[in-house]
Structures are given as C-alpha cells and as structure tokens.
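Participant: This is the structure I have questions about; it appears just below.
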Amino acid sequence: MDYNDASDVRGRCEKIVSALDMKHVDLSRVAFMRSKGTSTRNTVARCHGLSRVMQIGMNIKAFYVIEVITELFDRLGEEEQTKVLIHELMHIPKNFGGGFRHHDYVCRKEVDKMYKIFKERTNSPIESKWFGF
C-alpha cells in the first residue's frame, strides 16, 4: 500500500469542523492520508487513533489519522465524500483522548443529520462568504 498526504481532504475537513462547530477536534493533531493499493472492497475511509498506552509510552498527546482509500473514495460524488468525512470526524470523541466513538453513535442517521446542518450553514449567503465558497 502507498500512503500520501491528503491536503485536499484536510481542507475539506477544516470546513466541516468549522461549520459543524466540532471544537473538540484539534486539527493540529490530525493527519489526513490518501492510501492506494488496498484489497478492501467496502471500506471507503478509516479513522485511526493512537491508543492511550502508546501515548504514554511515547510521551506524546493523542493523535488521529483520517485515511481515505483512493480507489473507492475518489469515485464518490461530492455529497457522499462529505458524508464520509463527517462520519470519520464523528469517530473522534469529545475528550480527544485517542479512543473512538463507535457505530452506535456514528451511524447513517446521525451523519445525515450533521450533513444537513453542514449544508444549511455553508449554503446561506452570509456563511458562504465566511467559508470562502
């Protein structure tokens, strides 16, 4: 597998985090990667966290990586890509401690609700100027 920086994904996630007021997501401690060459057929993106024991052992703070799988993510339309990114960001818990929010919370219903809020906030004329759209 090949991994590359995904600055385009970072830019989109910066807008999502801002629009959805996800203040707990410290983007300075989140990396965005694009992977290529996986054999997965169903996974479009992943959120990776650094476990608490690794944080202590390495003497560093929590850190997350959001990985998009090029072969699948890039085929999606803009709306579905945005929903995927919202989904992955929702896995990051409010305490930003290295753990994950599970699929009992991060589900289609909640992602759709967040996407609707995102669209409302980024499509209004005042917000559009603010976010540079």
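By order of appearance in the structure tokens: chains A, B, ..., then residues from 1 within every chain, and ligands from 1 in the order shown.
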Mind running stretch 6-82 of chain A against stretch 88-106 of chain A at 12 Å and telling me each contacting residue's nearest atom pair with the distance in Å (one decimal), counting only C-alpha atoms, chain and number ascending, as JSON lines?

Facilitator:
```
{"residue": "A:Val9", "atom": "CA", "partner": "A:Glu88", "partner_atom": "CA", "distance": 11.6}
{"residue": "A:Arg10", "atom": "CA", "partner": "A:Leu89", "partner_atom": "CA", "distance": 11.2}
{"residue": "A:Arg12", "atom": "CA", "partner": "A:Leu89", "partner_atom": "CA", "distance": 11.3}
{"residue": "A:Cys13", "atom": "CA", "partner": "A:Leu89", "partner_atom": "CA", "distance": 8.0}
{"residue": "A:Glu14", "atom": "CA", "partner": "A:Leu89", "partner_atom": "CA", "distance": 10.5}
{"residue": "A:Lys15", "atom": "CA", "partner": "A:Leu89", "partner_atom": "CA", "distance": 11.8}
{"residue": "A:Ile16", "atom": "CA", "partner": "A:Leu89", "partner_atom": "CA", "distance": 8.8}
{"residue": "A:Val17", "atom": "CA", "partner": "A:Leu89", "partner_atom": "CA", "distance": 8.1}
{"residue": "A:Ser18", "atom": "CA", "partner": "A:Leu89", "partner_atom": "CA", "distance": 11.8}
{"residue": "A:Leu20", "atom": "CA", "partner": "A:Met90", "partner_atom": "CA", "distance": 10.5}
{"residue": "A:Asp21", "atom": "CA", "partner": "A:Leu89", "partner_atom": "CA", "distance": 11.8}
{"residue": "A:Met22", "atom": "CA", "partner": "A:Lys94", "partner_atom": "CA", "distance": 8.6}
{"residue": "A:Lys23", "atom": "CA", "partner": "A:Lys94", "partner_atom": "CA", "distance": 8.6}
{"residue": "A:His24", "atom": "CA", "partner": "A:Lys94", "partner_atom": "CA", "distance": 5.4}
{"residue": "A:Val25", "atom": "CA", "partner": "A:Phe96", "partner_atom": "CA", "distance": 6.8}
{"residue": "A:Asp26", "atom": "CA", "partner": "A:Phe96", "partner_atom": "CA", "distance": 7.8}
{"residue": "A:Leu27", "atom": "CA", "partner": "A:Leu89", "partner_atom": "CA", "distance": 10.4}
{"residue": "A:Ser28", "atom": "CA", "partner": "A:Phe96", "partner_atom": "CA", "distance": 11.9}
{"residue": "A:Arg29", "atom": "CA", "partner": "A:Phe96", "partner_atom": "CA", "distance": 9.5}
{"residue": "A:Val30", "atom": "CA", "partner": "A:Leu89", "partner_atom": "CA", "distance": 9.9}
{"residue": "A:Ala31", "atom": "CA", "partner": "A:Leu89", "partner_atom": "CA", "distance": 11.7}
{"residue": "A:Phe32", "atom": "CA", "partner": "A:Glu88", "partner_atom": "CA", "distance": 11.0}
{"residue": "A:Thr43", "atom": "CA", "partner": "A:Glu88", "partner_atom": "CA", "distance": 11.6}
{"residue": "A:Val44", "atom": "CA", "partner": "A:Glu88", "partner_atom": "CA", "distance": 10.2}
{"residue": "A:Ala45", "atom": "CA", "partner": "A:Glu88", "partner_atom": "CA", "distance": 7.3}
{"residue": "A:Arg46", "atom": "CA", "partner": "A:Glu88", "partner_atom": "CA", "distance": 6.6}
{"residue": "A:Cys47", "atom": "CA", "partner": "A:Glu88", "partner_atom": "CA", "distance": 5.6}
{"residue": "A:His48", "atom": "CA", "partner": "A:Gly98", "partner_atom": "CA", "distance": 8.6}
{"residue": "A:Gly49", "atom": "CA", "partner": "A:Gly98", "partner_atom": "CA", "distance": 5.0}
{"residue": "A:Leu50", "atom": "CA", "partner": "A:Gly98", "partner_atom": "CA", "distance": 5.1}
{"residue": "A:Ser51", "atom": "CA", "partner": "A:Gly98", "partner_atom": "CA", "distance": 5.3}
{"residue": "A:Arg52", "atom": "CA", "partner": "A:Gly98", "partner_atom": "CA", "distance": 6.2}
{"residue": "A:Val53", "atom": "CA", "partner": "A:Gly98", "partner_atom": "CA", "distance": 9.7}
{"residue": "A:Met54", "atom": "CA", "partner": "A:Gly98", "partner_atom": "CA", "distance": 9.4}
{"residue": "A:Gln55", "atom": "CA", "partner": "A:Gly98", "partner_atom": "CA", "distance": 8.2}
{"residue": "A:Ile56", "atom": "CA", "partner": "A:Gly98", "partner_atom": "CA", "distance": 11.2}
{"residue": "A:Ile60", "atom": "CA", "partner": "A:Gly98", "partner_atom": "CA", "distance": 10.9}
{"residue": "A:Lys61", "atom": "CA", "partner": "A:Gly97", "partner_atom": "CA", "distance": 7.9}
{"residue": "A:Ala62", "atom": "CA", "partner": "A:Gly98", "partner_atom": "CA", "distance": 4.9}
{"residue": "A:Phe63", "atom": "CA", "partner": "A:Gly98", "partner_atom": "CA", "distance": 6.2}
{"residue": "A:Tyr64", "atom": "CA", "partner": "A:Gly98", "partner_atom": "CA", "distance": 6.9}
{"residue": "A:Val65", "atom": "CA", "partner": "A:Glu88", "partner_atom": "CA", "distance": 9.7}
{"residue": "A:Ile66", "atom": "CA", "partner": "A:Glu88", "partner_atom": "CA", "distance": 6.9}
{"residue": "A:Glu67", "atom": "CA", "partner": "A:Glu88", "partner_atom": "CA", "distance": 8.9}
{"residue": "A:Val68", "atom": "CA", "partner": "A:Glu88", "partner_atom": "CA", "distance": 9.6}
{"residue": "A:Gln81", "atom": "CA", "partner": "A:Glu88", "partner_atom": "CA", "distance": 10.7}
{"residue": "A:Thr82", "atom": "CA", "partner": "A:Glu88", "partner_atom": "CA", "distance": 9.9}
```

Participant: Just N, CA and C atoms for this one: save the residues we selected as a tab-separated table (two decimals), in the first residue's frame.

Facilitator:
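Written out: out18.tsv:
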```
chain	number	residue	atom	x	y	z
A	9	VAL	N	-8.12	16.74	1.43
A	9	VAL	CA	-9.03	16.21	2.43
A	9	VAL	C	-8.95	17.06	3.70
A	10	ARG	N	-7.74	17.47	4.08
A	10	ARG	CA	-7.57	18.35	5.25
A	10	ARG	C	-8.39	19.63	5.06
A	12	ARG	N	-11.02	20.18	3.24
A	12	ARG	CA	-12.46	19.90	3.35
A	12	ARG	C	-12.85	19.66	4.80
A	13	CYS	N	-12.01	18.94	5.54
A	13	CYS	CA	-12.32	18.66	6.94
A	13	CYS	C	-12.24	19.93	7.80
A	14	GLU	N	-11.35	20.84	7.45
A	14	GLU	CA	-11.30	22.12	8.16
A	14	GLU	C	-12.63	22.85	8.04
A	15	LYS	N	-13.21	22.84	6.85
A	15	LYS	CA	-14.51	23.48	6.63
A	15	LYS	C	-15.62	22.75	7.38
A	16	ILE	N	-15.57	21.43	7.39
A	16	ILE	CA	-16.58	20.64	8.10
A	16	ILE	C	-16.51	20.91	9.59
A	17	VAL	N	-15.30	20.84	10.15
A	17	VAL	CA	-15.11	21.06	11.59
A	17	VAL	C	-15.59	22.45	11.99
A	18	SER	N	-15.28	23.44	11.18
A	18	SER	CA	-15.71	24.81	11.46
A	18	SER	C	-17.23	24.95	11.35
A	20	LEU	N	-19.57	22.71	11.53
A	20	LEU	CA	-20.32	21.90	12.49
A	20	LEU	C	-19.91	22.19	13.93
A	21	ASP	N	-19.04	23.17	14.11
A	21	ASP	CA	-18.64	23.60	15.45
A	21	ASP	C	-18.06	22.43	16.26
A	22	MET	N	-17.23	21.63	15.62
A	22	MET	CA	-16.60	20.49	16.28
A	22	MET	C	-15.32	20.96	16.98
A	23	LYS	N	-15.49	21.77	18.00
A	23	LYS	CA	-14.35	22.40	18.69
A	23	LYS	C	-13.41	21.40	19.33
A	24	HIS	N	-13.90	20.22	19.63
A	24	HIS	CA	-13.07	19.21	20.29
A	24	HIS	C	-12.04	18.60	19.33
A	25	VAL	N	-12.22	18.78	18.02
A	25	VAL	CA	-11.29	18.20	17.04
A	25	VAL	C	-10.12	19.16	16.85
A	26	ASP	N	-8.99	18.79	17.41
A	26	ASP	CA	-7.76	19.59	17.30
A	26	ASP	C	-7.06	19.20	16.00
A	27	LEU	N	-7.29	19.97	14.97
A	27	LEU	CA	-6.77	19.62	13.64
A	27	LEU	C	-5.25	19.64	13.58
A	28	SER	N	-4.59	20.27	14.56
A	28	SER	CA	-3.13	20.23	14.58
A	28	SER	C	-2.62	18.85	14.98
A	29	ARG	N	-3.54	18.02	15.50
A	29	ARG	CA	-3.17	16.65	15.90
A	29	ARG	C	-3.97	15.61	15.13
A	30	VAL	N	-4.33	15.98	13.88
A	30	VAL	CA	-4.99	15.04	12.98
A	30	VAL	C	-4.26	15.11	11.64
A	31	ALA	N	-3.84	13.95	11.15
A	31	ALA	CA	-3.21	13.87	9.83
A	31	ALA	C	-4.24	13.31	8.86
A	32	PHE	N	-4.11	13.68	7.61
A	32	PHE	CA	-5.02	13.23	6.56
A	32	PHE	C	-4.20	12.56	5.48
A	43	THR	N	-14.50	-0.67	2.47
A	43	THR	CA	-14.05	0.43	3.31
A	43	THR	C	-13.62	1.60	2.44
A	44	VAL	N	-14.28	2.73	2.63
A	44	VAL	CA	-14.00	3.93	1.84
A	44	VAL	C	-13.00	4.82	2.56
A	45	ALA	N	-13.05	4.81	3.89
A	45	ALA	CA	-12.16	5.64	4.70
A	45	ALA	C	-12.05	5.02	6.09
A	46	ARG	N	-11.02	5.44	6.81
A	46	ARG	CA	-10.81	4.93	8.18
A	46	ARG	C	-10.33	6.07	9.06
A	47	CYS	N	-10.65	5.95	10.33
A	47	CYS	CA	-10.11	6.86	11.33
A	47	CYS	C	-9.23	6.02	12.25
A	48	HIS	N	-7.97	6.41	12.38
A	48	HIS	CA	-7.02	5.69	13.23
A	48	HIS	C	-6.69	6.58	14.43
A	49	GLY	N	-6.62	5.99	15.59
A	49	GLY	CA	-6.24	6.74	16.78
A	49	GLY	C	-5.02	6.11	17.42
A	50	LEU	N	-4.30	6.92	18.17
A	50	LEU	CA	-3.14	6.43	18.91
A	50	LEU	C	-3.61	6.06	20.30
A	51	SER	N	-3.50	4.79	20.64
A	51	SER	CA	-4.04	4.31	21.92
A	51	SER	C	-3.36	5.01	23.11
A	52	ARG	N	-4.04	4.97	24.21
A	52	ARG	CA	-3.55	5.61	25.44
A	52	ARG	C	-2.19	5.03	25.85
A	53	VAL	N	-2.04	3.72	25.78
A	53	VAL	CA	-0.77	3.11	26.18
A	53	VAL	C	0.37	3.57	25.27
A	54	MET	N	0.11	3.74	23.98
A	54	MET	CA	1.13	4.24	23.05
A	54	MET	C	1.45	5.70	23.36
A	55	GLN	N	0.43	6.49	23.68
A	55	GLN	CA	0.67	7.89	24.04
A	55	GLN	C	1.59	7.99	25.25
A	56	ILE	N	1.31	7.18	26.27
A	56	ILE	CA	2.12	7.20	27.49
A	56	ILE	C	3.53	6.69	27.18
A	60	ILE	N	3.62	11.33	24.25
A	60	ILE	CA	3.02	12.30	23.34
A	60	ILE	C	1.51	12.37	23.59
A	61	LYS	N	0.90	13.42	23.09
A	61	LYS	CA	-0.55	13.59	23.22
A	61	LYS	C	-1.27	12.76	22.17
A	62	ALA	N	-2.58	12.67	22.34
A	62	ALA	CA	-3.42	11.91	21.41
A	62	ALA	C	-3.23	12.44	19.99
A	63	PHE	N	-3.38	11.53	19.03
A	63	PHE	CA	-3.21	11.87	17.62
A	63	PHE	C	-4.13	10.96	16.81
A	64	TYR	N	-4.69	11.49	15.76
A	64	TYR	CA	-5.57	10.74	14.88
A	64	TYR	C	-5.09	10.86	13.44
A	65	VAL	N	-5.42	9.85	12.65
A	65	VAL	CA	-5.18	9.89	11.21
A	65	VAL	C	-6.49	9.52	10.53
A	66	ILE	N	-6.92	10.36	9.61
A	66	ILE	CA	-8.06	10.02	8.77
A	66	ILE	C	-7.50	9.63	7.41
A	67	GLU	N	-7.80	8.40	7.03
A	67	GLU	CA	-7.30	7.82	5.78
A	67	GLU	C	-8.46	7.65	4.82
A	68	VAL	N	-8.30	8.16	3.61
A	68	VAL	CA	-9.29	7.89	2.56
A	68	VAL	C	-8.65	6.92	1.57
A	81	GLN	N	-18.77	12.01	-0.49
A	81	GLN	CA	-17.44	12.22	0.09
A	81	GLN	C	-17.54	13.04	1.37
A	82	THR	N	-18.35	14.09	1.33
A	82	THR	CA	-18.51	14.93	2.51
A	82	THR	C	-19.12	14.12	3.65
```

Participant: A:Lys36: which residues within 6 Å, counting only C-alpha atoms, same-chain residues fewer than 3 positions away excluded, as a PyMOL selection string?

Facilitator: chain A and resi 1-2+70

Participant: Hey, can you spit out that residue selection with N, CA and C atoms as a PDB file, in the first residue's frame?

Facilitator:
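Okay, out-v3.pdb is ready:
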```
ATOM      1  N   MET A   1       0.850  -1.187   0.000  1.00  0.00           N
ATOM      2  CA  MET A   1       0.000   0.000   0.000  1.00  0.00           C
ATOM      3  C   MET A   1       0.887   1.240   0.000  1.00  0.00           C
ATOM      4  N   ASP A   2       0.428   2.243  -0.702  1.00  0.00           N
ATOM      5  CA  ASP A   2       1.100   3.535  -0.730  1.00  0.00           C
ATOM      6  C   ASP A   2       0.273   4.529   0.071  1.00  0.00           C
ATOM      7  N   THR A  70      -8.190   5.764  -1.904  1.00  0.00           N
ATOM      8  CA  THR A  70      -8.304   6.411  -3.207  1.00  0.00           C
ATOM      9  C   THR A  70      -9.241   5.688  -4.155  1.00  0.00           C
TER      10      THR A  70
END
```

Participant: May I have all residues of chain A that DSSP, computed from the backbone, assigns to strand (DSSP E), given as an NGL selection string?

Facilitator: :A and (2-5 or 30-36 or 45-49 or 64-69)

Participant: Record the distance separating atom CA of A:Lys109 and atom CA of A:Asp5, expressed in Å with one decimal.

Facilitator: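 Atom-to-atom, atom CA of A:Lys109 and atom CA of A:Asp5 are spaced 30.0 Å apart.
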
Participant: How far is it from atom CA of A:Lys113 to atom CA of A:Leu85, in Å with one decimal?

Facilitator: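 About the pair atom CA of A:Lys113 and atom CA of A:Leu85: they are 13.7 Å apart.
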
Participant: With only C-alpha atoms as the counted atoms, please give the residues lying no more than 10 Å from A:Thr40, apart from itself and same-chain residues fewer than 4 positions off, as a ChimeraX atom specification.

Facilitator: /A:44,69,71-72

Participant: From a DSSP calculation on the backbone, collect every residue of chain A in alpha helix (DSSP H) and output the set as JSON, numbers by chain.

Facilitator: {"A": [7, 8, 9, 10, 11, 12, 13, 14, 15, 16, 17, 18, 19, 52, 53, 54, 55, 56, 57, 58, 70, 71, 72, 73, 78, 79, 80, 81, 82, 83, 84, 85, 86, 87, 88, 89, 90, 108, 109, 110, 111, 112, 113, 114, 115, 116, 117, 118, 119, 120, 121, 122, 123, 125, 126, 127, 128, 129, 130, 131]}

Participant: Any chance you could export the current selection's C-alpha atoms as a compact mmCIF listing (two decimals), in the first residue's frame?

Facilitator:
```
# COMPACT_ATOMS: atom_id res chain seq x y z
CA SER A 7 -4.06 18.18 1.89
CA ASP A 8 -7.29 18.40 -0.14
CA VAL A 9 -9.03 16.21 2.43
CA ARG A 10 -7.57 18.35 5.25
CA GLY A 11 -9.03 21.46 3.63
CA ARG A 12 -12.46 19.90 3.35
CA CYS A 13 -12.32 18.66 6.94
CA GLU A 14 -11.30 22.12 8.16
CA LYS A 15 -14.51 23.48 6.63
CA ILE A 16 -16.58 20.64 8.10
CA VAL A 17 -15.11 21.06 11.59
CA SER A 18 -15.71 24.81 11.46
CA ALA A 19 -19.24 24.61 10.04
CA ARG A 52 -3.55 5.61 25.44
CA VAL A 53 -0.77 3.11 26.18
CA MET A 54 1.13 4.24 23.05
CA GLN A 55 0.67 7.89 24.04
CA ILE A 56 2.12 7.20 27.49
CA GLY A 57 4.91 5.00 26.14
CA MET A 58 5.91 7.58 23.54
CA THR A 70 -8.30 6.41 -3.21
CA GLU A 71 -9.84 3.61 -5.27
CA LEU A 72 -13.22 3.97 -3.52
CA PHE A 73 -13.35 7.49 -2.06
CA GLU A 78 -19.03 15.38 -3.56
CA GLU A 79 -22.03 14.85 -1.26
CA GLU A 80 -21.10 11.26 -0.41
CA GLN A 81 -17.44 12.22 0.09
CA THR A 82 -18.51 14.93 2.51
CA LYS A 83 -20.69 12.46 4.39
CA VAL A 84 -17.77 10.02 4.60
CA LEU A 85 -15.54 12.75 6.03
CA ILE A 86 -18.23 13.77 8.54
CA HIS A 87 -18.55 10.09 9.50
CA GLU A 88 -14.81 9.76 10.14
CA LEU A 89 -14.63 13.03 12.11
CA MET A 90 -17.56 11.88 14.24
CA ARG A 108 -26.16 6.93 8.83
CA LYS A 109 -28.94 8.76 10.69
CA GLU A 110 -26.51 10.93 12.68
CA VAL A 111 -24.25 11.55 9.68
CA ASP A 112 -27.25 12.63 7.58
CA LYS A 113 -28.33 14.97 10.37
CA MET A 114 -24.84 16.51 10.55
CA TYR A 115 -24.66 16.77 6.75
CA LYS A 116 -27.95 18.67 6.69
CA ILE A 117 -26.59 21.14 9.25
CA PHE A 118 -23.36 21.45 7.25
CA LYS A 119 -25.27 22.24 4.06
CA GLU A 120 -27.50 24.78 5.81
CA ARG A 121 -24.52 26.58 7.29
CA THR A 122 -22.36 26.58 4.18
CA ASN A 123 -25.06 27.40 1.63
CA PRO A 125 -25.21 33.74 1.66
CA ILE A 126 -23.66 35.04 4.89
CA GLU A 127 -21.94 31.74 5.74
CA SER A 128 -20.82 31.20 2.16
CA LYS A 129 -18.81 34.42 2.27
CA TRP A 130 -17.38 33.43 5.65
CA PHE A 131 -16.20 30.00 4.49
```
